[in-house]
Amino acid sequence: MFAVKAEPKKTEFLEQAKSARLERANEKKREEACIEIQAYVRSFIVRRRLQKQVREEFDLFFQPCNGSETIVPPKPAIDVYKLVRKLLFLYSDRSDRERLEVLCRYLVASMDTDSTRDCYISLALNKDLMLDCIQQIKDLLWLCCLQLKTLKPDNPNDAKSINLHLHILVTFTSTSTWKMLKNKSMEPLRASLNQLCNNIMGHLHQSGMYSALQELLSKGLARAKPCLKHATLSAVITLALRPLVAANFSENLINLFVLHILSVPAVVQHLSVMAPECLAVFMSNGLFKKCLEMLISEQSTRIVFYSLEGNYALCLLGNIIQLADIEKEQLSTGLVEFTVVVSRLLERCQKYVVNKKSNLTHWHPVLGWFSQKTDVRLHDAMTHVVEQLSLLWSNNIIKILFAELLAVETPHEYPTLLGAQTPQQANRPKDLLKKAFSSRQNAHKSNKQEQNESVIVTLVCALYQTALSTLTQLRMNILTGISQHEALLSKLWHYIHTHVRLKSLLEQLSNNSSSSLPDCQVLILFCDCASYLITILDDIEMYEQQLPFRLQQVADMGLFFNQLVFRVVWNNVIDIRVVANHSLFVGAHGLLTLLHERDCRRQYAPKNHWLIKDVKASAFLGELEHGKKAASLLLQKVAFIIPHKERVLLFRKFVNGEKAAMGLTESVFASPQSTLITIHRSRIIEDGYRQLAAIPAQALKGVIRVKFVNQQGLDEAGIDQDGVFKEFLEETIKRVFDPSLNLFKVTSEMRLYPSPTSSVQDNHLLLFEFVGRMLGKAVYEGIVVEVPFAPFFLTHVLGHHYRSNYSSIDELPSLDPELYKNLTYIKHYEGDVADLELNFSFDEDVMGRLINHELVPGGKAISVTRENMIYYVHMMAHFRMHTQIKEQSNAFIRGFRSIINPDWLSLFSRAPELQCLISGDTAEIDMQDLRAHTQYYGGFHNNHRVIVWLWDILQNDFTAQEKGQFLKFVTSCSKPPLLGFTNLEPPFSIRCVEVSDDQDTGDTVGSVLRGFFTIHKKDPIGRLPTSSTCFNLLKLPNYQRKATLRDKLRYAICSNTGFELS
């Protein structure tokens, strides 16, 4: 029992002992913690007391003189040193910033005394204090550098502090302002003190001084208007240059200078304006050349590129370009180095340039869509950077970069690629012999010179080509700068003409299809610039002044690039899958298309100049039939290399192939795709629009059967054998194109184009689409209709106005010759364009109301100046020819292309070719061809007396105009079909008609069928010839005299009548 009771007491006792032990341990910990806390508190209080004491001592020591806020009386340098040592020990930026400024102010003042006791730097001469003093100076100056990073130069108070910190940095990194050294006794120490300054500068740049200076410059200059003053900017550049000079421009320090100073946005531009003396130092030390020598090194370049993001690489590029513009002599001697360095910088930026927007891209005002994040503050400075970059394509730098090319004298005449020779060229045997003998003597020298010239020209062209592909938002500026140099493009073409051999180029491309080949770079740049220039040249400049190219040169360009484009594709020099996007092909094709279109508008090249004579048209078409991709691509891109007639045949073949695929045959009565429409004579347009506008395009391509209802409301007798539909189509087109309907207007040359005020008609856009479909149906069926369109409108139908090199001003004369004359006057105005008081808007009288049109948003407020004059001229032309009628044109084209496959339209490369497809051939009417394809009825035959008279009258008595009137009289169109009268549908026929047949109205199917078998011999002198244009039928009385036939026929065709005068 006792044992049981004792166990709990023992356990309880042990627990109590354990608890007491833990309590004593915790108590001990609490005591230790209290002691530690008290130590910390006492330490904190002591430190605070000490800090307060030191700061009070500092404030008392540097107390200004009576009556002054900043001037501190001179103190012994040793005392200053001791106090500064204390301050640096406990320095806090939040509490001691003002004290640091007081100290800096005092130390700068102390350097202006010759007393060794008071001059702070004199402590460095004390053996005991020298090392500590130097370290103190370094620490103090580094504190000043850190202040430069945090201060804001746009704040007036901070600006004063910045100047003070820069002042002390400038003072202690050079002995030039130390008054103490002006004593002769101190002169032996100058070298040692200079070494001291170098030591200090070395410490600062190793600690990061350049980074601090870059931060300050960026905050002060990376803005639309710089906030740094002259003294500040000058001090920063002085500090940046001193380590370079001290180290004799070591590569490491030049690298730092380039990375941190020359990468600041537009720093060189601001120096040229605010501190030109700093640029003088740059020049005197050859800094530009040394930077190029450093950057030309692969290793150094790699370091710079990987250290700079694309934005700052662009800023570095701008500064280097401006330095090149300033130091033109250095640029001339270091041309290759400059070209390579600038190209590399551009390529560095190009790595991050993309073609389209995405979640990973950002918009850059110079580079476009950019795959790196952009520093927002740099956007404000981009205006200045763009000004610097623009120097690259300025006249001054272009002259230097292309100096060797521009120095070459181009002959006024040289052997043309066309194979033609002038009489002067043909009679120069003595000159040629002399030249040959001379060239043999100087062959080695000239070859070496040519090689050097080729290398430089290639490098420079590659540079500008890289600039065009990198600086996407400045592309037009670059093209303008290069193109407007008075002789450059002409000289460049001469270089291509004499140095680039097509056969050699094709061989190079077959081995390496890269566009970086030397000759490719030259050609691509030339194509881009020439395309831009020729686009803005007017006819006076190109044809009369012949600037910058003579017309012979332009023709030679067309021949060269025509062969180049053809050979590259036809010979599969570049993979057919990628050739359409190859830079050389794109540039050459663009220029070739432009040259061809210019020749189409106003001829400068010989006939058949654009045809490829090496390949027969039949062979080409054979390749096309076999589905060869090369032939298809050439047909799509440069259809004009094969004759027009072959292309028309191909067009008709495409149409017939589609008809066959749709199941359409000549026997159309049973065709499942025929559509029957009923048209009232008094409502041709309304009924046609109502019934045909809603049917699908595929149905409209099929057979349309027409039943006319006459004025009395009765169905007209007759069967539609294409003739009635042809009549409906002709009547519809004739009425909708009547200017009085206000769907279309006419130019001064009576050419049709959509009316800008067509909106007065209800559903005018649907009407335009309907008209486009009807015209497309006419072309589809091969029915020629005499509808003369303005060339610029046909260019829209072909889709050429969407091309990047399309120029509205070139085709403006076809719409408004007076406006073209006025715009040309503005373009060539020799005075100040601003005096004309024009802006980017114009007033137009629209149905009695004066309406103001702005050519660009806010155009009223944008004045026309010399700088934007070309832009104004083109925008004005673009508005008149495109913007005003954009909706109408789009609706018409939509309707036309719903019938005519857009791919088929690529067969026709210019407006006149499409006009011929619509309205027939412009060539003289071949009466022999018409006679050979004529059918006779009613007793007439080819050897009938009246028929022989008829053809003799048409061939020998009628003028060309009367022949056209005759053709219009019988077919409704004055022009023959493009492929001859064998393609006239229906075929031309002549029927003999009875004089006494009162029921023969000359216009119904019944009267035509009745008269086929009866011929009376009575002389029908009172009857005129008549026609049925829907059947291409001439109804001719059996005249007994040739003179009667001639007079009656001439009267009929000149009266523009048909059956109504019969």
# chains A, B, ... in the order shown; residues from 1 in each chain; ligands from 1
call {"tool": "residues_around", "arguments": {"residues": "Phe58 in chain A", "least_positions_apart": "2", "cutoff": "10 Å", "atoms": "only C-alpha atoms", "output": "VMD selection string"}}
result
chain A and resid 52 to 56 60 to 63 80 83 to 84 86 to 87 99 102 to 103
call {"tool": "write_last_selection", "arguments": {"atoms": "N, CA and C atoms", "output": "JSON list (two decimals), in the first residue's frame"}}
result
[["chain", "number", "residue", "atom", "x", "y", "z"],
["A", 52, "LYS", "N", 25.08, 62.53, -34.10],
["A", 52, "LYS", "CA", 24.61, 63.89, -33.84],
["A", 52, "LYS", "C", 25.79, 64.80, -33.51],
["A", 53, "GLN", "N", 26.67, 64.25, -32.71],
["A", 53, "GLN", "CA", 27.84, 65.03, -32.31],
["A", 53, "GLN", "C", 28.70, 65.38, -33.52],
["A", 54, "VAL", "N", 28.94, 64.35, -34.37],
["A", 54, "VAL", "CA", 29.77, 64.60, -35.56],
["A", 54, "VAL", "C", 29.08, 65.59, -36.48],
["A", 55, "ARG", "N", 27.78, 65.43, -36.69],
["A", 55, "ARG", "CA", 27.07, 66.33, -37.60],
["A", 55, "ARG", "C", 27.06, 67.75, -37.04],
["A", 56, "GLU", "N", 26.85, 67.85, -35.70],
["A", 56, "GLU", "CA", 26.89, 69.19, -35.10],
["A", 56, "GLU", "C", 28.28, 69.80, -35.25],
["A", 60, "LEU", "N", 29.08, 73.09, -37.34],
["A", 60, "LEU", "CA", 29.76, 74.21, -36.69],
["A", 60, "LEU", "C", 31.06, 74.54, -37.42],
["A", 61, "PHE", "N", 31.75, 73.47, -37.85],
["A", 61, "PHE", "CA", 33.04, 73.67, -38.50],
["A", 61, "PHE", "C", 32.87, 74.40, -39.84],
["A", 62, "PHE", "N", 31.83, 74.01, -40.59],
["A", 62, "PHE", "CA", 31.61, 74.61, -41.91],
["A", 62, "PHE", "C", 30.54, 75.69, -41.87],
["A", 63, "GLN", "N", 30.48, 76.37, -40.72],
["A", 63, "GLN", "CA", 29.51, 77.45, -40.60],
["A", 63, "GLN", "C", 29.95, 78.61, -41.49],
["A", 80, "VAL", "N", 40.10, 69.49, -41.84],
["A", 80, "VAL", "CA", 39.05, 69.10, -42.79],
["A", 80, "VAL", "C", 39.11, 67.58, -43.04],
["A", 83, "LEU", "N", 37.64, 65.65, -40.13],
["A", 83, "LEU", "CA", 36.18, 65.76, -40.04],
["A", 83, "LEU", "C", 35.49, 65.00, -41.18],
["A", 84, "VAL", "N", 36.08, 65.07, -42.35],
["A", 84, "VAL", "CA", 35.52, 64.33, -43.49],
["A", 84, "VAL", "C", 35.58, 62.84, -43.24],
["A", 86, "LYS", "N", 35.32, 61.36, -40.43],
["A", 86, "LYS", "CA", 34.19, 61.02, -39.54],
["A", 86, "LYS", "C", 32.87, 61.01, -40.31],
["A", 87, "LEU", "N", 32.69, 62.01, -41.16],
["A", 87, "LEU", "CA", 31.42, 62.11, -41.90],
["A", 87, "LEU", "C", 31.25, 60.91, -42.83],
["A", 99, "ARG", "N", 25.01, 68.17, -46.43],
["A", 99, "ARG", "CA", 26.37, 68.32, -45.88],
["A", 99, "ARG", "C", 27.42, 67.96, -46.93],
["A", 102, "VAL", "N", 27.81, 70.89, -49.05],
["A", 102, "VAL", "CA", 28.60, 71.93, -48.37],
["A", 102, "VAL", "C", 30.08, 71.57, -48.44],
["A", 103, "LEU", "N", 30.36, 70.29, -48.21],
["A", 103, "LEU", "CA", 31.75, 69.83, -48.24],
["A", 103, "LEU", "C", 32.34, 70.00, -49.65]]
call {"tool": "residues_around", "arguments": {"residues": "Lys616 in chain A", "least_positions_apart": "5", "cutoff": "10 Å", "atoms": "only C-alpha atoms", "output": "PyMOL selection string"}}
result
chain A and resi 611+621-622+642-643
call {"tool": "residues_around", "arguments": {"residues": "range 1042-1044 of chain A", "least_positions_apart": "3", "cutoff": "8 Å", "atoms": "only C-alpha atoms", "output": "list in words"}}
result
Val946, Trp949, Ile1021, Tyr1039, Asp1047 and Lys1048 of chain A
call {"tool": "residues_around", "arguments": {"residues": "Lys968 in chain A", "least_positions_apart": "2", "cutoff": "10 Å", "atoms": "only C-alpha atoms", "output": "list in words"}}
result
Val785, Glu786, Glu962, Lys963, Gly964, Gln965, Phe966, Val970, Thr971, Ser972, Cys973, Ser974, Lys975, Pro976, Thr1029, Asn1032, Ile1053 and Asn1056 of chain A
call {"tool": "write_last_selection", "arguments": {"atoms": "all heavy atoms", "output": "compact mmCIF listing (two decimals), in the first residue's frame"}}
result
# COMPACT_ATOMS: atom_id res chain seq x y z
N VAL A 785 -18.05 45.82 -127.28
CA VAL A 785 -18.95 46.95 -127.07
C VAL A 785 -18.11 48.23 -127.04
O VAL A 785 -17.04 48.25 -126.43
CB VAL A 785 -19.74 46.82 -125.75
CG1 VAL A 785 -20.78 45.72 -125.87
CG2 VAL A 785 -18.82 46.53 -124.58
N GLU A 786 -18.57 49.23 -127.70
CA GLU A 786 -17.78 50.46 -127.82
C GLU A 786 -18.04 51.35 -126.60
O GLU A 786 -18.86 52.26 -126.62
CB GLU A 786 -18.12 51.20 -129.11
CG GLU A 786 -17.09 52.26 -129.44
CD GLU A 786 -17.02 52.53 -130.93
OE1 GLU A 786 -17.83 51.99 -131.69
OE2 GLU A 786 -16.13 53.29 -131.33
N GLU A 962 -14.59 56.29 -142.22
CA GLU A 962 -15.84 55.76 -142.78
C GLU A 962 -15.89 54.24 -142.65
O GLU A 962 -16.97 53.66 -142.47
CB GLU A 962 -15.95 56.19 -144.24
CG GLU A 962 -16.25 57.68 -144.40
CD GLU A 962 -16.23 58.12 -145.85
OE1 GLU A 962 -15.41 57.59 -146.62
OE2 GLU A 962 -17.04 59.00 -146.21
N LYS A 963 -14.74 53.60 -142.73
CA LYS A 963 -14.72 52.14 -142.52
C LYS A 963 -15.17 51.80 -141.10
O LYS A 963 -15.91 50.85 -140.88
CB LYS A 963 -13.32 51.60 -142.78
CG LYS A 963 -12.89 51.64 -144.24
CD LYS A 963 -11.44 51.16 -144.41
CE LYS A 963 -10.99 51.28 -145.84
NZ LYS A 963 -9.57 50.87 -146.02
N GLY A 964 -14.70 52.60 -140.15
CA GLY A 964 -15.11 52.40 -138.77
C GLY A 964 -16.60 52.65 -138.60
O GLY A 964 -17.28 51.93 -137.86
N GLN A 965 -17.11 53.68 -139.30
CA GLN A 965 -18.55 53.96 -139.22
C GLN A 965 -19.37 52.83 -139.82
O GLN A 965 -20.44 52.48 -139.31
CB GLN A 965 -18.85 55.28 -139.92
CG GLN A 965 -18.32 56.50 -139.17
CD GLN A 965 -18.49 57.79 -139.97
OE1 GLN A 965 -18.35 57.78 -141.20
NE2 GLN A 965 -18.78 58.87 -139.28
N PHE A 966 -18.86 52.25 -140.90
CA PHE A 966 -19.55 51.12 -141.53
C PHE A 966 -19.61 49.93 -140.55
O PHE A 966 -20.65 49.30 -140.40
CB PHE A 966 -18.83 50.73 -142.81
CG PHE A 966 -19.30 49.41 -143.37
CD1 PHE A 966 -20.50 49.32 -144.08
CD2 PHE A 966 -18.55 48.25 -143.19
CE1 PHE A 966 -20.95 48.11 -144.59
CE2 PHE A 966 -19.00 47.04 -143.69
CZ PHE A 966 -20.19 46.97 -144.40
N VAL A 970 -23.01 48.07 -138.76
CA VAL A 970 -23.49 46.69 -138.91
C VAL A 970 -23.27 45.84 -137.66
O VAL A 970 -23.93 44.81 -137.50
CB VAL A 970 -22.81 46.01 -140.13
CG1 VAL A 970 -23.22 46.71 -141.42
CG2 VAL A 970 -21.29 45.99 -139.98
N THR A 971 -22.32 46.26 -136.78
CA THR A 971 -22.04 45.43 -135.59
C THR A 971 -22.22 46.19 -134.28
O THR A 971 -22.07 45.59 -133.21
CB THR A 971 -20.60 44.89 -135.63
OG1 THR A 971 -19.69 45.98 -135.48
CG2 THR A 971 -20.32 44.15 -136.92
N SER A 972 -22.47 47.49 -134.35
CA SER A 972 -22.60 48.39 -133.20
C SER A 972 -21.25 48.77 -132.60
O SER A 972 -21.19 49.46 -131.60
CB SER A 972 -23.50 47.81 -132.09
OG SER A 972 -22.81 46.84 -131.34
N CYS A 973 -20.15 48.31 -133.17
CA CYS A 973 -18.82 48.67 -132.67
C CYS A 973 -17.93 49.01 -133.85
O CYS A 973 -17.89 48.28 -134.85
CB CYS A 973 -18.21 47.51 -131.88
SG CYS A 973 -16.63 47.94 -131.10
N SER A 974 -17.20 50.13 -133.74
CA SER A 974 -16.40 50.61 -134.85
C SER A 974 -15.05 49.92 -134.94
O SER A 974 -14.27 50.22 -135.84
CB SER A 974 -16.19 52.12 -134.73
OG SER A 974 -15.47 52.42 -133.54
N LYS A 975 -14.76 49.03 -134.01
CA LYS A 975 -13.44 48.38 -134.00
C LYS A 975 -13.60 46.89 -134.27
O LYS A 975 -14.58 46.26 -133.83
CB LYS A 975 -12.76 48.58 -132.65
CG LYS A 975 -12.48 50.05 -132.35
CD LYS A 975 -11.93 50.22 -130.95
CE LYS A 975 -11.72 51.70 -130.63
NZ LYS A 975 -11.28 51.90 -129.25
N PRO A 976 -12.64 46.31 -134.97
CA PRO A 976 -12.73 44.88 -135.27
C PRO A 976 -12.42 44.05 -134.04
O PRO A 976 -11.78 44.51 -133.10
CB PRO A 976 -11.63 44.69 -136.34
CG PRO A 976 -10.64 45.77 -136.05
CD PRO A 976 -11.43 46.94 -135.54
N THR A 1029 -27.87 44.97 -135.93
CA THR A 1029 -26.59 44.82 -135.22
C THR A 1029 -26.59 43.63 -134.28
O THR A 1029 -25.54 43.08 -133.96
CB THR A 1029 -26.29 46.09 -134.41
OG1 THR A 1029 -27.37 46.35 -133.51
CG2 THR A 1029 -26.08 47.28 -135.32
N ASN A 1032 -25.34 41.14 -136.51
CA ASN A 1032 -24.22 41.58 -137.35
C ASN A 1032 -24.58 41.41 -138.83
O ASN A 1032 -23.80 40.90 -139.64
CB ASN A 1032 -22.94 40.79 -137.03
CG ASN A 1032 -22.46 41.04 -135.61
OD1 ASN A 1032 -22.66 42.12 -135.07
ND2 ASN A 1032 -21.85 40.03 -135.00
N ILE A 1053 -24.48 55.23 -143.17
CA ILE A 1053 -23.53 55.07 -142.06
C ILE A 1053 -23.23 56.40 -141.40
O ILE A 1053 -22.96 56.47 -140.20
CB ILE A 1053 -22.23 54.39 -142.52
CG1 ILE A 1053 -21.47 55.27 -143.52
CG2 ILE A 1053 -22.51 53.00 -143.08
CD1 ILE A 1053 -20.10 54.71 -143.89
N ASN A 1056 -25.76 57.46 -138.89
CA ASN A 1056 -25.76 56.61 -137.70
C ASN A 1056 -27.14 55.99 -137.48
O ASN A 1056 -27.70 56.01 -136.40
CB ASN A 1056 -25.35 57.41 -136.46
CG ASN A 1056 -24.98 56.48 -135.31
OD1 ASN A 1056 -24.57 55.35 -135.53
ND2 ASN A 1056 -25.14 56.97 -134.09
call {"tool": "residues_around", "arguments": {"residues": "Glu781 in chain A", "least_positions_apart": "2", "cutoff": "10 Å", "atoms": "only C-alpha atoms", "output": "list of chain:residue names"}}
result
A:Arg652, A:Val655, A:Asn656, A:Lys701, A:Gly702, A:Val703, A:Asp722, A:Lys726, A:Leu775, A:Gly776, A:Lys777, A:Ala778, A:Val779, A:Ile783, A:Val784, A:Glu985
call {"tool": "atom_distance", "arguments": {"atom1": "CA of Ile851 in chain A", "atom2": "CA of Gln761 in chain A"}}
result
19.5 Å
call {"tool": "residues_around", "arguments": {"residues": "Ile947 in chain A", "least_positions_apart": "2", "cutoff": "10 Å", "atoms": "only C-alpha atoms", "output": "count of residues only"}}
result
17
call {"tool": "select_by_dssp", "arguments": {"residues": "range 51-240 of chain A", "states": "alpha helix (DSSP H)", "output": "PyMOL selection string"}}
result
chain A and resi 51-61+77-89+93-110+130-150+156-172+190-207+209-221+230-240
